[in-house]
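For reference, final_29.txt (compact mmCIF, C-alpha atoms):
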```txt
# COMPACT_ATOMS: atom_id res chain seq x y z
CA MET A 758 5.16 2.02 48.55
CA GLU A 759 1.61 0.81 48.10
CA THR A 760 -0.97 3.27 46.92
CA THR A 761 -4.74 3.17 47.08
CA LYS A 762 -5.20 4.56 43.58
CA ARG A 763 -5.10 1.76 41.03
CA PRO A 764 -6.16 1.49 37.41
CA ASN A 765 -9.45 -0.27 36.82
CA TYR A 766 -7.98 -3.25 35.02
CA LEU A 767 -11.34 -4.88 34.44
CA PHE A 768 -12.58 -1.76 32.66
CA VAL A 769 -9.46 -1.68 30.47
CA PHE A 770 -9.88 -5.37 29.69
CA ILE A 771 -13.54 -4.96 28.71
CA ALA A 772 -12.63 -1.93 26.56
CA LEU A 773 -10.00 -4.03 24.77
CA LEU A 774 -12.53 -6.79 24.09
CA VAL A 775 -15.17 -4.33 22.86
CA PHE A 776 -12.68 -2.58 20.58
CA THR A 777 -11.56 -5.93 19.20
CA LEU A 778 -15.17 -6.85 18.48
CA VAL A 779 -15.80 -3.48 16.78
CA GLU A 780 -12.60 -3.89 14.73
CA THR A 781 -13.69 -7.31 13.58
CA LEU A 782 -17.10 -6.01 12.50
CA VAL A 783 -15.59 -2.95 10.78
CA SER A 784 -13.27 -5.22 8.79
CA TYR A 785 -16.34 -6.40 6.85
CA VAL A 786 -17.20 -2.83 5.79
CA GLN A 787 -16.43 -2.32 2.11
CA GLN A 788 -15.82 1.46 2.10
CA ALA A 789 -12.08 1.94 2.56
CA ALA A 790 -12.63 5.57 3.62
CA ILE A 791 -14.44 4.33 6.74
CA LYS A 792 -12.68 1.04 7.28
CA PHE A 793 -9.02 2.08 7.13
CA PRO A 794 -9.00 5.06 9.53
CA THR A 795 -11.35 3.32 11.98
CA LEU A 796 -9.16 0.24 12.18
CA VAL A 797 -5.95 2.26 12.52
CA VAL A 798 -7.40 4.45 15.28
CA LEU A 799 -8.86 1.48 17.19
CA SER A 800 -5.57 -0.38 16.93
CA ILE A 801 -3.63 2.61 18.27
CA VAL A 802 -6.12 3.04 21.13
CA LYS A 803 -5.78 -0.63 22.07
CA VAL A 804 -1.98 -0.44 22.01
CA LEU A 805 -2.07 2.67 24.20
CA LEU A 806 -4.46 1.05 26.68
CA VAL A 807 -2.12 -1.92 27.13
CA LEU A 808 0.97 0.29 27.34
CA LEU A 809 -0.46 2.87 29.73
CA TYR A 810 -2.45 0.64 32.06
CA PHE A 811 -1.38 -3.00 31.79
CA MET A 812 2.31 -2.06 31.43
CA HIS A 813 1.91 0.86 33.87
CA LEU A 814 3.62 3.46 31.68
CA LYS A 815 1.03 6.03 32.77
CA PHE A 816 2.15 5.67 36.38
CA ASP A 817 5.71 4.42 36.13
CA SER A 818 9.03 6.16 35.67
CA LYS A 819 9.22 8.24 32.49
CA VAL A 820 12.54 6.55 31.72
CA PHE A 821 10.60 3.44 30.66
CA THR A 822 8.41 5.51 28.37
CA TYR A 823 11.48 7.07 26.77
CA LEU A 824 13.01 3.63 26.22
CA PHE A 825 9.88 2.38 24.49
CA VAL A 826 9.38 5.54 22.44
CA GLY A 827 13.12 5.38 21.62
CA GLY A 828 12.51 2.02 19.96
CA CYS A 829 9.71 3.58 17.91
CA VAL A 830 11.93 6.54 16.93
CA LEU A 831 14.75 4.18 15.90
CA SER A 832 12.27 2.49 13.58
CA ILE A 833 11.65 5.70 11.63
CA PRO A 834 14.91 5.52 9.60
CA LEU A 835 14.01 1.93 8.80
CA ILE A 836 10.64 3.04 7.46
CA LEU A 837 12.19 5.90 5.49
CA VAL A 838 14.88 3.71 3.96
CA LEU A 839 12.37 1.08 2.91
CA THR A 840 10.03 3.75 1.53
CA VAL A 841 12.86 5.04 -0.66
CA VAL A 842 14.44 1.69 -1.53
CA MET A 843 11.34 -0.33 -2.36
CA PRO A 844 10.22 1.83 -5.31
CA LEU A 845 13.79 1.73 -6.66
CA ILE A 846 13.83 -2.06 -6.47
CA GLN A 847 10.56 -2.18 -8.36
CA GLN A 848 11.93 -0.10 -11.26
CA MET B 898 13.16 8.98 45.88
CA SER B 899 9.66 9.22 47.26
CA GLU B 900 6.84 7.61 45.37
CA MET B 901 4.22 9.90 43.95
CA GLU B 902 0.54 9.48 44.56
CA GLY B 903 -1.29 7.56 41.88
CA GLN B 904 1.61 5.40 40.84
CA ALA B 905 1.24 1.80 39.80
CA PRO B 906 1.10 -0.97 42.38
CA VAL B 907 4.71 -1.88 41.99
CA ILE B 908 7.26 0.83 41.51
CA GLN B 909 10.60 -0.79 41.97
CA ARG B 910 13.10 0.69 39.61
CA GLU B 911 15.30 -2.31 39.75
CA ASN B 912 17.95 -2.96 37.19
CA THR B 913 16.13 -5.99 35.79
CA LYS B 914 13.05 -3.91 35.06
CA LEU B 915 15.15 -1.29 33.31
CA ALA B 916 16.83 -4.07 31.35
CA MET B 917 13.43 -5.43 30.37
CA TRP B 918 12.38 -2.05 28.98
CA VAL B 919 15.66 -1.75 27.06
CA PHE B 920 14.99 -5.20 25.63
CA LEU B 921 11.43 -4.22 24.70
CA GLY B 922 12.73 -1.06 23.01
CA GLY B 923 14.90 -3.31 20.82
CA GLU B 924 11.97 -5.61 20.19
CA VAL B 925 9.98 -2.64 18.89
CA VAL B 926 12.56 -2.07 16.15
CA PHE B 927 12.62 -5.79 15.36
CA PHE B 928 8.86 -6.13 15.04
CA VAL B 929 8.44 -2.84 13.16
CA SER B 930 10.82 -4.22 10.53
CA LEU B 931 8.76 -7.41 10.33
CA ILE B 932 5.48 -5.52 10.07
CA LEU B 933 7.01 -3.35 7.33
CA LEU B 934 7.85 -6.56 5.49
CA ILE B 935 4.15 -7.37 5.34
CA ILE B 936 3.10 -3.82 4.45
CA PHE B 937 5.62 -3.52 1.63
CA THR B 938 4.77 -6.96 0.28
CA ARG B 939 1.17 -5.81 0.07
CA LEU B 940 2.05 -2.47 -1.48
CA THR B 941 4.34 -3.94 -4.12
CA ASN B 942 2.17 -6.89 -5.13
CA SER B 943 -1.42 -7.18 -6.25
CA GLY B 944 -4.08 -9.73 -5.41
CA TYR B 945 -3.79 -9.77 -1.62
CA GLU B 946 -7.52 -10.18 -1.23
CA GLU B 947 -7.94 -13.05 -3.67
CA GLN B 948 -4.62 -14.84 -3.21
CA PHE B 949 -4.32 -14.61 0.55
CA ARG B 950 -6.94 -12.82 2.65
CA SER B 951 -9.77 -14.95 1.30
CA HIS B 952 -8.04 -17.96 2.89
CA LEU B 953 -7.97 -16.38 6.35
CA SER B 954 -10.73 -17.01 8.85
CA ILE B 955 -11.35 -13.65 10.54
CA PRO B 956 -13.78 -15.01 13.22
CA ILE B 957 -11.28 -17.66 14.35
CA ILE B 958 -8.44 -15.15 14.53
CA ALA B 959 -10.69 -12.66 16.32
CA LEU B 960 -11.35 -15.40 18.87
CA ASN B 961 -7.60 -15.99 19.14
CA THR B 962 -7.15 -12.25 19.72
CA PHE B 963 -9.75 -12.36 22.50
CA ILE B 964 -7.80 -15.24 24.05
CA LEU B 965 -4.49 -13.34 24.01
CA VAL B 966 -6.04 -10.14 25.37
CA THR B 967 -7.70 -12.18 28.13
CA SER B 968 -4.36 -13.76 28.99
CA SER B 969 -2.93 -10.25 29.42
CA TYR B 970 -5.72 -9.49 31.87
CA PHE B 971 -4.84 -12.59 33.88
CA VAL B 972 -1.20 -11.43 34.01
CA VAL B 973 -2.38 -8.15 35.51
CA ARG B 974 -4.55 -10.07 37.97
CA ALA B 975 -1.54 -12.21 38.93
CA LEU B 976 0.54 -9.10 39.62
CA GLU B 977 -2.30 -7.48 41.55
CA ALA B 978 -2.83 -10.62 43.62
CA ILE B 979 0.75 -10.77 44.83
CA SER B 980 1.63 -7.06 44.98
CA PHE B 981 -1.49 -5.82 46.77
CA LYS B 982 -2.78 -8.81 48.67
CA GLY B 983 0.22 -11.10 48.90
CA ASP B 984 -2.15 -13.82 47.71
CA ARG B 985 0.14 -16.60 46.53
CA LYS B 986 -2.66 -18.96 45.59
CA ALA B 987 -4.32 -16.36 43.37
CA LEU B 988 -0.95 -15.63 41.77
CA ARG B 989 -0.53 -19.32 40.98
CA ASN B 990 -4.08 -19.70 39.62
CA ASN B 991 -3.75 -16.63 37.41
CA LEU B 992 -0.40 -17.81 36.05
CA ILE B 993 -1.96 -21.19 35.24
CA MET B 994 -4.71 -19.35 33.33
CA VAL B 995 -2.06 -17.41 31.40
CA ILE B 996 -0.36 -20.67 30.42
CA VAL B 997 -3.65 -22.28 29.38
CA LEU B 998 -4.71 -19.26 27.33
CA GLY B 999 -1.25 -19.00 25.76
CA LEU B 1000 -1.46 -22.65 24.72
CA LEU B 1001 -4.97 -22.07 23.34
CA PHE B 1002 -3.65 -19.16 21.29
CA LEU B 1003 -0.86 -21.31 19.87
CA GLY B 1004 -3.42 -24.07 19.19
CA GLY B 1005 -5.52 -21.55 17.22
CA GLN B 1006 -2.45 -20.50 15.29
CA ALA B 1007 -1.53 -24.11 14.55
CA PHE B 1008 -5.08 -24.68 13.29
CA GLU B 1009 -4.83 -21.63 11.05
CA TRP B 1010 -1.45 -22.66 9.64
CA THR B 1011 -2.68 -26.19 8.95
CA SER B 1012 -5.74 -24.82 7.12
CA LEU B 1013 -3.59 -22.48 5.05
CA PHE B 1014 -1.15 -25.23 4.11
CA GLY B 1015 -4.13 -27.37 3.12
CA GLU B 1016 -5.36 -24.60 0.82
CA GLY B 1017 -1.99 -24.24 -0.86
CA VAL B 1018 -0.76 -21.14 0.95
CA ASN B 1019 2.80 -21.96 1.94
CA LEU B 1020 6.20 -20.41 2.63
CA SER B 1021 7.00 -20.05 -1.05
CA SER B 1022 3.91 -18.02 -1.92
CA THR B 1023 4.12 -14.23 -2.19
CA TYR B 1024 2.02 -13.46 0.86
CA GLY B 1025 2.59 -16.75 2.68
CA SER B 1026 6.30 -16.09 3.09
CA PRO B 1027 6.04 -12.88 5.16
CA PHE B 1028 2.91 -14.13 6.89
CA PHE B 1029 4.44 -17.34 8.20
CA THR B 1030 7.68 -15.54 9.07
CA VAL B 1031 6.02 -12.81 11.12
CA THR B 1032 3.30 -14.89 12.80
CA GLY B 1033 5.87 -17.63 13.39
CA ILE B 1034 8.22 -15.26 15.18
CA HIS B 1035 5.33 -13.87 17.19
CA GLY B 1036 4.17 -17.39 18.05
CA THR B 1037 7.70 -18.21 19.19
CA HIS B 1038 7.52 -15.21 21.52
CA VAL B 1039 4.24 -16.55 22.93
CA PHE B 1040 5.86 -19.97 23.41
CA VAL B 1041 8.82 -18.40 25.22
CA GLY B 1042 6.32 -16.51 27.40
CA ILE B 1043 4.57 -19.77 28.28
CA LEU B 1044 7.91 -21.35 29.24
CA TRP B 1045 8.68 -18.27 31.33
CA ALA B 1046 5.31 -18.56 33.11
CA VAL B 1047 5.97 -22.24 33.83
CA TYR B 1048 9.40 -21.31 35.19
CA LEU B 1049 7.79 -18.70 37.46
CA LEU B 1050 5.23 -21.24 38.67
CA VAL B 1051 7.93 -23.78 39.52
CA GLY B 1052 10.04 -21.08 41.17
CA HIS B 1053 7.00 -19.90 43.10
CA ARG B 1054 6.59 -23.37 44.59
CA ARG B 1055 10.22 -23.48 45.72
CA LYS B 1056 10.59 -19.89 46.83
CA PRO B 1057 7.23 -18.11 46.84
CA PHE B 1058 6.89 -14.57 45.60
CA THR B 1059 5.81 -12.11 48.25
CA GLN B 1060 4.21 -8.70 48.46
CA ASP B 1061 7.68 -7.16 48.65
CA ASN B 1062 9.43 -9.47 46.22
CA HIS B 1063 7.54 -9.92 42.97
CA LEU B 1064 9.66 -8.17 40.36
CA GLY B 1065 9.93 -11.46 38.46
CA ILE B 1066 6.18 -11.39 37.89
CA GLU B 1067 6.25 -7.75 36.84
CA ASN B 1068 9.02 -8.32 34.30
CA PHE B 1069 7.21 -11.33 32.90
CA GLY B 1070 4.07 -9.18 32.66
CA LEU B 1071 5.90 -6.52 30.66
CA TYR B 1072 7.09 -9.15 28.19
CA TRP B 1073 3.66 -10.78 27.88
CA HIS B 1074 1.85 -7.48 27.39
CA PHE B 1075 4.35 -6.51 24.72
CA VAL B 1076 3.65 -9.75 22.88
CA ASP B 1077 -0.04 -8.84 23.18
CA ILE B 1078 0.63 -5.39 21.69
CA VAL B 1079 2.47 -6.91 18.73
CA TRP B 1080 -0.50 -9.17 18.08
CA ILE B 1081 -2.93 -6.22 18.26
CA VAL B 1082 -0.96 -4.57 15.45
CA LEU B 1083 -0.55 -7.79 13.43
CA PHE B 1084 -4.28 -8.52 13.77
CA THR B 1085 -5.05 -5.16 12.18
CA VAL B 1086 -2.34 -5.17 9.51
CA ILE B 1087 -2.66 -8.78 8.33
CA TYR B 1088 -6.26 -9.72 8.93
CA LEU B 1089 -8.47 -6.64 9.10
CA ILE B 1090 -7.14 -4.02 6.70
```
Kindly return the structure encoded in the file as C-alpha cells.
Amino acid sequence: METTKRPNYLFVFIALLVFTLVETLVSYVQQAAIKFPTLVVLSIVKVLLVLLYFMHLKFDSKVFTYLFVGGCVLSIPLILVLTVVMPLIQQ
Amino acid sequence: MSEMEGQAPVIQRENTKLAMWVFLGGEVVFFVSLILLIIFTRLTNSGYEEQFRSHLSIPIIALNTFILVTSSYFVVRALEAISFKGDRKALRNNLIMVIVLGLLFLGGQAFEWTSLFGEGVNLSSTYGSPFFTVTGIHGTHVFVGILWAVYLLVGHRRKPFTQDNHLGIENFGLYWHFVDIVWIVLFTVIYLI
C-alpha cells in the first residue's frame, strides 16, 4: 500500500553531510574531553539516521529491527571476551 | 495484515527482505569483530598518532565519506523513483550514479592505499595490518555492491522493475546503506578519533 507520508530523504542526506563536516572539523580539536564524546555521538546519530530513514527501520516491521539489534547483542560477548583476553595476552 | 499509516514507501515483507536482514545481522557481528581488531590494536600499542595517523589524509577521506553518503542518497532516490512514481528512467539514472560514486569511492581508497604503501605503511606494520584488512574487506563489500547495481541495471533493461515489483532494488538498498553505516563507524574509529 502506498502512503502519502514519506521521510524527507533530502533533509536526512543534508544532515549526514553536515554531521560529517562537523566531525571532520572536530577531529582537529586537541582536547580529548571535547573531541572523543562529540565524535562518538555524531557517529551514532549518523548511523541511526541511515538505519531509521534510509533503511526504513522507523517505519518497517519491528522484526527487521530485532534482527539488526540481535546482531549487535551477539557482538557483546565478543567484546567482553576480547576485553578479558587482551590484557591477559599482554601480561 | 493491513499497512499502518506512516509506513515506508515499500512494505513488502517478502522472504528475500527478511533474508537480507538476517544476513545484515550476521554482518554486524562480522564487522564489530573487525572494528574491535582496530580498537584493541590501538589500545595495546603506542604511537598510533606518529606511526600511522600522521600518514592519513583526513580531507581526502572526508571527501570519500561524502561520496559514499551521497551514493546512499541516490539509492534512496532510485527506490523512491520506482516505488512511488514507477519512473524507470529515473531508477536507471540513479543506479548509474550509485555505480559512479561507488567507483569514485574505491578510486579514493586506492589512492590512499598507494600513498600509504609509498610512505612505508604496509601489511606487516602494527597499524597497517588491521587497517588494510578492515578497509580492504569494506572495499570488497563496496565492489560487490557495485556489481550488484550493474546486475540490477542489466536486469532492469531485460525485465524492468515496476511500481509493484521492486523488491530487488529495496534489498540492494539495504545492503548498500549497511556498507555506508560500516564506513561511518570506520571513518570515526580509524581516522577521526
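Rounded to one decimal, CA of Tyr945 in chain B and CA of Ser832 in chain A lie 25.3 Å from each other.
Applying the 9 Å criterion to (8.2, -2.7, 17.7) in file coordinates and using all atoms listed in the file, one obtains the residues A:Phe825, A:Gly828, A:Cys829, A:Ser832, B:Leu921, B:Gly922, B:Gly923, B:Glu924, B:Val925, B:Val926, B:Phe927, B:Phe928, B:Val929, B:Ser930, B:Leu931, B:Ile932, B:Phe1075, B:Ile1078, B:Val1079.
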Give me the residues within 12 Å of range 762-773 of chain A as number ranges by chain, counting all atoms listed in the file and dropping any in the same chain fewer than 5 places off.
A: 778-780, 799-816; B: 901-907, 962-977, 980-981, 1077-1078, 1081
Given the point (-11.1, -12.7, 14.8) in the coordinates of this file, which residues lie within 9 Å, counting all atoms listed in the file, and how would they look as a ChimeraX atom specification?
/A:777-778,780-781 /B:954-963,1084,1088-1089
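Note that CA of Val783 in chain A and CA of Val1031 in chain B are 23.8 Å apart.
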When you look at Gly1052 in chain B with a cut-off of 12 Å (counting all atoms listed in the file), what residues show up, excluding the ones that are within fewer than 6 positions of it in the same chain? I need them as a PDB file with C-alpha atoms, keeping the file's coordinate frame.
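Output (out29.pdb):
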```pdb
ATOM      1  CA  ARG B 989      -0.530 -19.320  40.980  1.00  0.00           C
ATOM      2  CA  TRP B1045       8.680 -18.270  31.330  1.00  0.00           C
ATOM      3  CA  ALA B1046       5.310 -18.560  33.110  1.00  0.00           C
ATOM      4  CA  PHE B1058       6.890 -14.570  45.600  1.00  0.00           C
ATOM      5  CA  HIS B1063       7.540  -9.920  42.970  1.00  0.00           C
ATOM      6  CA  GLY B1065       9.930 -11.460  38.460  1.00  0.00           C
ATOM      7  CA  ILE B1066       6.180 -11.390  37.890  1.00  0.00           C
TER       8      ILE B1066
END
```
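Put simply, CA of Phe937 in chain B is 27.4 Å away from CA of Val919 in chain B.
Distances from A:Gln787, A:Leu845, A:Val797, A:Thr822 to Val1082 in chain B were compared using all atoms listed in the file, and the smallest one belongs to A:Val797.
Using only C-alpha atoms, the smallest distance between any of B:Val997, B:Val1051, B:Leu1020, B:Leu1071 and chain A comes from B:Leu1071.
Every protein or nucleic acid residue with an atom no more than 10 Å from Ala1007 in chain B, counting only C-alpha atoms and leaving out same-chain residues fewer than 5 positions away, appears here: Leu1001, Phe1002, Ser1012, Leu1013, Gly1033 and Gly1036 of chain B.
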Just C-alpha atoms for this one: save the residues we selected as a JSON list (two decimals), keeping the file's coordinate frame.
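Output (part_31.json):
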```json
[["chain", "number", "residue", "atom", "x", "y", "z"],
["B", 1001, "LEU", "CA", -4.97, -22.07, 23.34],
["B", 1002, "PHE", "CA", -3.65, -19.16, 21.29],
["B", 1012, "SER", "CA", -5.74, -24.82, 7.12],
["B", 1013, "LEU", "CA", -3.59, -22.48, 5.05],
["B", 1033, "GLY", "CA", 5.87, -17.63, 13.39],
["B", 1036, "GLY", "CA", 4.17, -17.39, 18.05]]
```
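Distances to Trp918 in chain B were evaluated for A:Val775, A:Lys792, A:Leu824, A:Ser818 using all atoms listed in the file, and the minimum falls at A:Leu824.
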Listed atoms of range 986-991 of chain B boxed axis-aligned with 8 Å per side, centre + edges as JSON:
```
{"center_x": -2.4, "center_y": -17.7, "center_z": 41.5, "size_x": 19.8, "size_y": 20.1, "size_z": 24.2}
```
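The smallest atom-to-atom distance between chain B and any of A:Val798, A:Ile791, A:Leu837, A:Leu774, using only C-alpha atoms, is found for A:Leu774.
For the residues B:Leu940, B:Ala978, B:Ala916, B:Ile1034, ranking by smallest atom-to-atom distance to Gln1006 in chain B using all atoms listed in the file places B:Ile1034 first.
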